[in-house]
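Q: mmCIF, C-alpha atoms, saved as run.cif, coming up:
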```cif
data_entry
#
loop_
_atom_site.label_atom_id
_atom_site.label_comp_id
_atom_site.auth_asym_id
_atom_site.auth_seq_id
_atom_site.Cartn_x
_atom_site.Cartn_y
_atom_site.Cartn_z
CA MET A 1061 15.85 -5.07 15.29
CA ALA A 1062 18.77 -5.04 12.86
CA LYS A 1063 18.00 -4.98 9.15
CA LYS A 1064 19.95 -6.41 6.27
CA GLU A 1065 20.24 -4.51 3.00
CA LEU A 1066 19.21 -6.57 -0.02
CA ALA A 1067 19.74 -6.12 -3.73
CA PRO A 1068 17.06 -3.98 -5.42
CA THR A 1069 13.96 -6.06 -5.97
CA VAL A 1070 10.20 -5.69 -5.95
CA ALA A 1071 9.27 -6.39 -2.34
CA LEU A 1072 5.61 -5.36 -2.39
CA ALA A 1073 3.30 -8.23 -1.65
CA PRO A 1074 0.71 -9.48 -1.93
CA VAL A 1075 -0.38 -8.32 -5.37
CA PRO A 1076 -3.57 -9.44 -7.11
CA ALA A 1077 -3.51 -12.44 -9.40
CA VAL A 1078 -5.92 -11.52 -12.19
CA LEU A 1079 -6.87 -12.79 -15.61
CA VAL A 1080 -6.50 -10.24 -18.40
CA SER A 1081 -8.59 -10.89 -21.49
CA CYS A 1082 -8.16 -9.10 -24.78
CA GLY A 1083 -8.84 -9.23 -28.51
CA VAL A 1084 -11.61 -7.88 -30.69
CA VAL A 1085 -12.55 -10.96 -32.73
CA PRO A 1086 -12.98 -14.53 -31.42
CA GLU A 1087 -10.02 -15.81 -33.46
CA GLU A 1088 -7.62 -13.60 -31.48
CA TYR A 1089 -9.21 -13.69 -28.01
CA ASN A 1090 -6.56 -14.36 -25.38
CA ILE A 1091 -6.32 -14.68 -21.63
CA MET A 1092 -3.19 -14.23 -19.56
CA ALA A 1093 -2.57 -14.26 -15.84
CA ALA A 1094 -0.99 -11.09 -14.47
CA SER A 1095 0.12 -9.91 -11.06
CA TRP A 1096 1.62 -6.55 -12.00
CA CYS A 1097 -1.82 -4.99 -11.82
CA GLY A 1098 -3.66 -2.48 -9.67
CA THR A 1099 -5.60 0.72 -9.17
CA CYS A 1100 -3.82 3.95 -10.07
CA CYS A 1101 -6.47 6.71 -10.04
CA SER A 1102 -9.89 7.34 -8.49
CA ARG A 1103 -11.28 10.11 -10.72
CA PRO A 1104 -11.46 9.13 -13.44
CA PRO A 1105 -11.23 5.52 -12.27
CA MET A 1106 -8.12 3.90 -13.75
CA ALA A 1107 -6.23 0.67 -13.34
CA TYR A 1108 -3.11 -0.73 -14.92
CA VAL A 1109 -1.54 -3.96 -16.00
CA SER A 1110 2.16 -4.37 -16.83
CA LEU A 1111 3.08 -6.90 -19.51
CA ARG A 1112 6.30 -8.12 -21.05
CA PRO A 1113 6.55 -7.08 -24.74
CA ALA A 1114 7.16 -10.70 -25.75
CA THR A 1115 3.64 -11.76 -24.73
CA LEU A 1116 0.83 -12.19 -27.23
CA SER A 1117 -1.46 -10.02 -25.08
CA HIS A 1118 1.03 -7.14 -25.20
CA GLY A 1119 0.76 -7.00 -28.98
CA ILE A 1120 -3.03 -7.21 -28.85
CA LEU A 1121 -3.26 -4.37 -26.31
CA CYS A 1122 -0.93 -2.21 -28.40
CA ARG A 1123 -3.13 -2.73 -31.46
CA THR A 1124 -6.62 -2.62 -29.92
CA GLY A 1125 -6.14 -0.34 -26.91
CA GLU A 1126 -8.59 -2.23 -24.71
CA PHE A 1127 -8.67 -5.06 -22.19
CA VAL A 1128 -10.64 -6.60 -19.35
CA ILE A 1129 -9.32 -7.32 -15.86
CA ASN A 1130 -11.19 -10.39 -14.61
CA LEU A 1131 -11.05 -11.18 -10.88
CA PRO A 1132 -10.82 -14.94 -10.33
CA THR A 1133 -11.66 -16.76 -7.12
CA ARG A 1134 -9.77 -19.24 -5.03
CA ASP A 1135 -11.64 -22.05 -6.82
CA GLN A 1136 -10.17 -20.82 -10.11
CA LEU A 1137 -6.54 -20.97 -8.98
CA GLU A 1138 -5.67 -23.83 -11.34
CA LEU A 1139 -7.02 -21.76 -14.24
CA VAL A 1140 -4.98 -18.73 -13.15
CA ASP A 1141 -1.79 -20.78 -12.94
CA TRP A 1142 -2.39 -22.43 -16.33
CA CYS A 1143 -3.15 -19.11 -18.04
CA GLY A 1144 0.10 -17.77 -16.59
CA THR A 1145 2.21 -20.59 -17.99
CA ALA A 1146 0.49 -21.53 -21.27
CA SER A 1147 1.17 -19.26 -24.24
CA GLY A 1148 -1.73 -17.85 -26.24
CA ARG A 1149 0.37 -18.47 -29.33
CA GLU A 1150 0.00 -22.21 -28.73
CA HIS A 1151 -3.36 -22.42 -26.94
CA ARG A 1152 -6.88 -21.11 -27.52
CA LYS A 1153 -7.48 -20.60 -23.84
CA PHE A 1154 -11.20 -19.83 -23.87
CA GLN A 1155 -11.92 -23.00 -25.84
CA GLU A 1156 -9.43 -25.28 -24.11
CA LYS A 1157 -10.68 -24.39 -20.62
CA GLY A 1158 -14.38 -24.22 -21.56
CA LEU A 1159 -14.64 -20.53 -20.69
CA THR A 1160 -17.32 -18.21 -22.01
CA PRO A 1161 -16.19 -14.99 -23.72
CA VAL A 1162 -18.74 -12.22 -23.07
CA PRO A 1163 -18.54 -9.11 -25.24
CA GLY A 1164 -17.94 -6.00 -23.20
CA SER A 1165 -20.67 -3.41 -22.87
CA GLN A 1166 -18.23 -0.59 -23.69
CA ILE A 1167 -15.40 -2.34 -25.57
CA ALA A 1168 -14.97 -5.26 -27.96
CA ALA A 1169 -12.56 -7.21 -25.73
CA PRO A 1170 -14.27 -10.16 -24.05
CA ALA A 1171 -14.85 -10.62 -20.35
CA ILE A 1172 -14.65 -14.09 -18.81
CA ALA A 1173 -18.21 -15.02 -17.77
CA GLU A 1174 -16.97 -17.49 -15.16
CA CYS A 1175 -15.09 -14.77 -13.22
CA PRO A 1176 -17.40 -12.99 -10.76
CA VAL A 1177 -16.02 -9.49 -11.45
CA ASN A 1178 -15.00 -8.02 -14.81
CA ILE A 1179 -13.50 -4.55 -15.33
CA GLU A 1180 -13.55 -3.10 -18.85
CA LEU A 1181 -10.71 -0.68 -19.67
CA ARG A 1182 -9.56 1.46 -22.56
CA VAL A 1183 -5.82 2.22 -22.68
CA VAL A 1184 -5.03 5.90 -22.06
CA HIS A 1185 -1.27 5.56 -21.48
CA GLN A 1186 1.37 3.01 -22.40
CA ILE A 1187 4.61 3.46 -20.53
CA HIS A 1188 7.80 1.53 -21.31
CA LEU A 1189 9.40 0.72 -17.96
CA GLY A 1190 12.15 -1.80 -18.74
CA SER A 1191 11.25 -5.48 -18.70
CA HIS A 1192 7.54 -4.55 -18.80
CA ASP A 1193 5.27 -1.98 -20.41
CA MET A 1194 2.52 -0.53 -18.23
CA PHE A 1195 -0.89 -0.15 -19.82
CA VAL A 1196 -2.94 2.38 -17.87
CA GLY A 1197 -6.61 2.07 -18.69
CA GLU A 1198 -9.66 4.13 -17.87
CA VAL A 1199 -12.38 1.99 -16.32
CA LEU A 1200 -15.40 2.17 -18.61
CA ALA A 1201 -17.60 -0.48 -16.95
CA VAL A 1202 -17.57 -2.93 -14.06
CA HIS A 1203 -19.71 -6.07 -14.02
CA ALA A 1204 -20.17 -8.05 -10.80
CA GLU A 1205 -22.28 -11.02 -9.79
CA GLU A 1206 -25.41 -9.71 -8.06
CA GLY A 1207 -24.68 -11.63 -4.85
CA LEU A 1208 -21.43 -9.67 -4.42
CA VAL A 1209 -23.02 -6.22 -4.65
CA ASP A 1210 -24.24 -4.57 -1.44
CA ALA A 1211 -27.22 -2.19 -1.03
CA ASN A 1212 -24.92 0.79 -1.75
CA GLY A 1213 -23.78 -0.64 -5.08
CA ARG A 1214 -20.32 -1.57 -3.80
CA ILE A 1215 -18.66 -4.91 -4.45
CA ARG A 1216 -18.13 -6.90 -1.24
CA LEU A 1217 -14.60 -7.94 -2.19
CA GLU A 1218 -14.16 -9.75 1.13
CA ASP A 1219 -16.75 -12.28 -0.09
CA LEU A 1220 -14.91 -12.83 -3.38
CA GLU A 1221 -12.10 -15.04 -2.04
CA THR A 1222 -9.60 -13.34 -4.33
CA VAL A 1223 -6.24 -14.88 -5.10
CA CYS A 1224 -2.99 -12.99 -4.68
CA ASN A 1225 0.60 -13.58 -5.64
CA MET A 1226 3.13 -13.29 -2.85
CA GLY A 1227 6.64 -13.83 -4.14
CA SER A 1228 5.77 -16.59 -6.66
CA ARG A 1229 3.33 -18.20 -4.22
CA TYR A 1230 -0.44 -17.88 -4.27
CA VAL A 1231 -2.31 -16.75 -1.17
CA ALA A 1232 -5.99 -16.19 -0.40
CA LEU A 1233 -7.39 -13.10 1.28
CA GLY A 1234 -10.68 -12.56 3.00
CA GLN A 1235 -10.44 -11.64 6.69
CA VAL A 1236 -11.77 -8.13 7.31
CA LEU A 1237 -9.70 -6.34 9.97
CA GLY A 1238 -11.63 -3.07 10.09
CA ALA A 1239 -13.10 -0.27 8.02
CA GLN A 1240 -10.91 2.47 6.57
CA GLY A 1241 -10.89 5.56 8.79
CA THR A 1242 -12.28 3.77 11.87
CA ILE A 1243 -9.23 2.08 13.36
CA CYS A 1244 -7.21 5.05 14.64
CA PRO A 1245 -7.96 5.73 18.34
CA GLY A 1246 -8.80 9.28 19.33
CA LYS A 1247 -10.07 10.25 15.94
#
```
Here is the file; what I need is its structure written in the form of structure tokens.
A:
Amino acid sequence: MAKKELAPTVALAPVPAVLVSCGVVPEEYNIMAASWCGTCCSRPPMAYVSLRPATLSHGILCRTGEFVINLPTRDQLELVDWCGTASGREHRKFQEKGLTPVPGSQIAAPAIAECPVNIELRVVHQIHLGSHDMFVGEVLAVHAEEGLVDANGRIRLEDLETVCNMGSRYVALGQVLGAQGTICPGK
């Protein structure tokens, strides 16, 4: 099939739609939606979020060096969209949306109690990339609702009904197609 060359763009999709919470005192707690987010190392476990320098959360992360990646569910899509369009400079998001800030077990930044999975991170690298700065954080703790954790202590992410961003549109995931390392015939 013939292919057409396009202008350089980010064509990876879907990407997770997460809620990033930050701040060390209740007066500065903030939540923002982010889709430039993901895993970047297994040992030590690390994840990243990329933020525009103009955002309130960017300044908080630069100053405090810690944040929480909260995994929302499909039922929380309206919250994700609102947190991605409402500025923390104009809104106290925890209060306005009736969310519960939970102090981290390893950091001062709050997790969102209503999100079923919370990942606490401490910034180990900040990389200026252009329109965004990438904050690479070491995972210090993961909190998950008990019903999502299997007998081996792993989160059953397929039961989470996570939300993803696919080119400015939200999509839901959830259908398991197979287990890693078991699909290749003749192995």
Q: Select, from A:Arg1103, A:Ile1091, A:Asp1210, A:Val1184, the residue with the minimum atom-to-atom distance to A:Lys1157, counting all atoms listed in the file.
A: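 Comparing A:Arg1103, A:Ile1091, A:Asp1210, A:Val1184 against A:Lys1157, the winner is A:Ile1091.
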Q: Could you write out as a PyMOL selection string the residues that the PyMOL selection byres ((chain A and resi 1171) around 6) matches in the shown file?
A: chain A and resi 1128+1161-1162+1170+1172
Q: Check what the PyMOL selection byres ((chain A and resi 1143) around 10) selects in the file above and give those residues as a PDB file with C-alpha atoms, in the coordinates of the input.
A:
```pdb
ATOM      1  CA  VAL A1078      -5.920 -11.520 -12.190  1.00  0.00           C
ATOM      2  CA  LEU A1079      -6.870 -12.790 -15.610  1.00  0.00           C
ATOM      3  CA  VAL A1080      -6.500 -10.240 -18.400  1.00  0.00           C
ATOM      4  CA  ASN A1090      -6.560 -14.360 -25.380  1.00  0.00           C
ATOM      5  CA  ILE A1091      -6.320 -14.680 -21.630  1.00  0.00           C
ATOM      6  CA  MET A1092      -3.190 -14.230 -19.560  1.00  0.00           C
ATOM      7  CA  ALA A1093      -2.570 -14.260 -15.840  1.00  0.00           C
ATOM      8  CA  ALA A1094      -0.990 -11.090 -14.470  1.00  0.00           C
ATOM      9  CA  LEU A1137      -6.540 -20.970  -8.980  1.00  0.00           C
ATOM     10  CA  GLU A1138      -5.670 -23.830 -11.340  1.00  0.00           C
ATOM     11  CA  LEU A1139      -7.020 -21.760 -14.240  1.00  0.00           C
ATOM     12  CA  VAL A1140      -4.980 -18.730 -13.150  1.00  0.00           C
ATOM     13  CA  ASP A1141      -1.790 -20.780 -12.940  1.00  0.00           C
ATOM     14  CA  TRP A1142      -2.390 -22.430 -16.330  1.00  0.00           C
ATOM     15  CA  GLY A1144       0.100 -17.770 -16.590  1.00  0.00           C
ATOM     16  CA  THR A1145       2.210 -20.590 -17.990  1.00  0.00           C
ATOM     17  CA  ALA A1146       0.490 -21.530 -21.270  1.00  0.00           C
ATOM     18  CA  SER A1147       1.170 -19.260 -24.240  1.00  0.00           C
ATOM     19  CA  GLY A1148      -1.730 -17.850 -26.240  1.00  0.00           C
ATOM     20  CA  HIS A1151      -3.360 -22.420 -26.940  1.00  0.00           C
ATOM     21  CA  LYS A1153      -7.480 -20.600 -23.840  1.00  0.00           C
ATOM     22  CA  PHE A1154     -11.200 -19.830 -23.870  1.00  0.00           C
ATOM     23  CA  LYS A1157     -10.680 -24.390 -20.620  1.00  0.00           C
TER      24      LYS A1157
END
```
Q: List, as an MDAnalysis selection string, every residue that the PyMOL selection byres ((chain A and resi 1202) around 8) selects in the file provided.
A: chainID A and resid 1177:1180 1199:1201 1203:1204
Q: May I ask which of the residues A:Val1236, A:Val1223, A:Val1209, A:Cys1100 is the closest one to A:Val1075, counting all atoms listed in the file?
A: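 The shortest atom-to-atom distance to A:Val1075 comes from A:Val1223.
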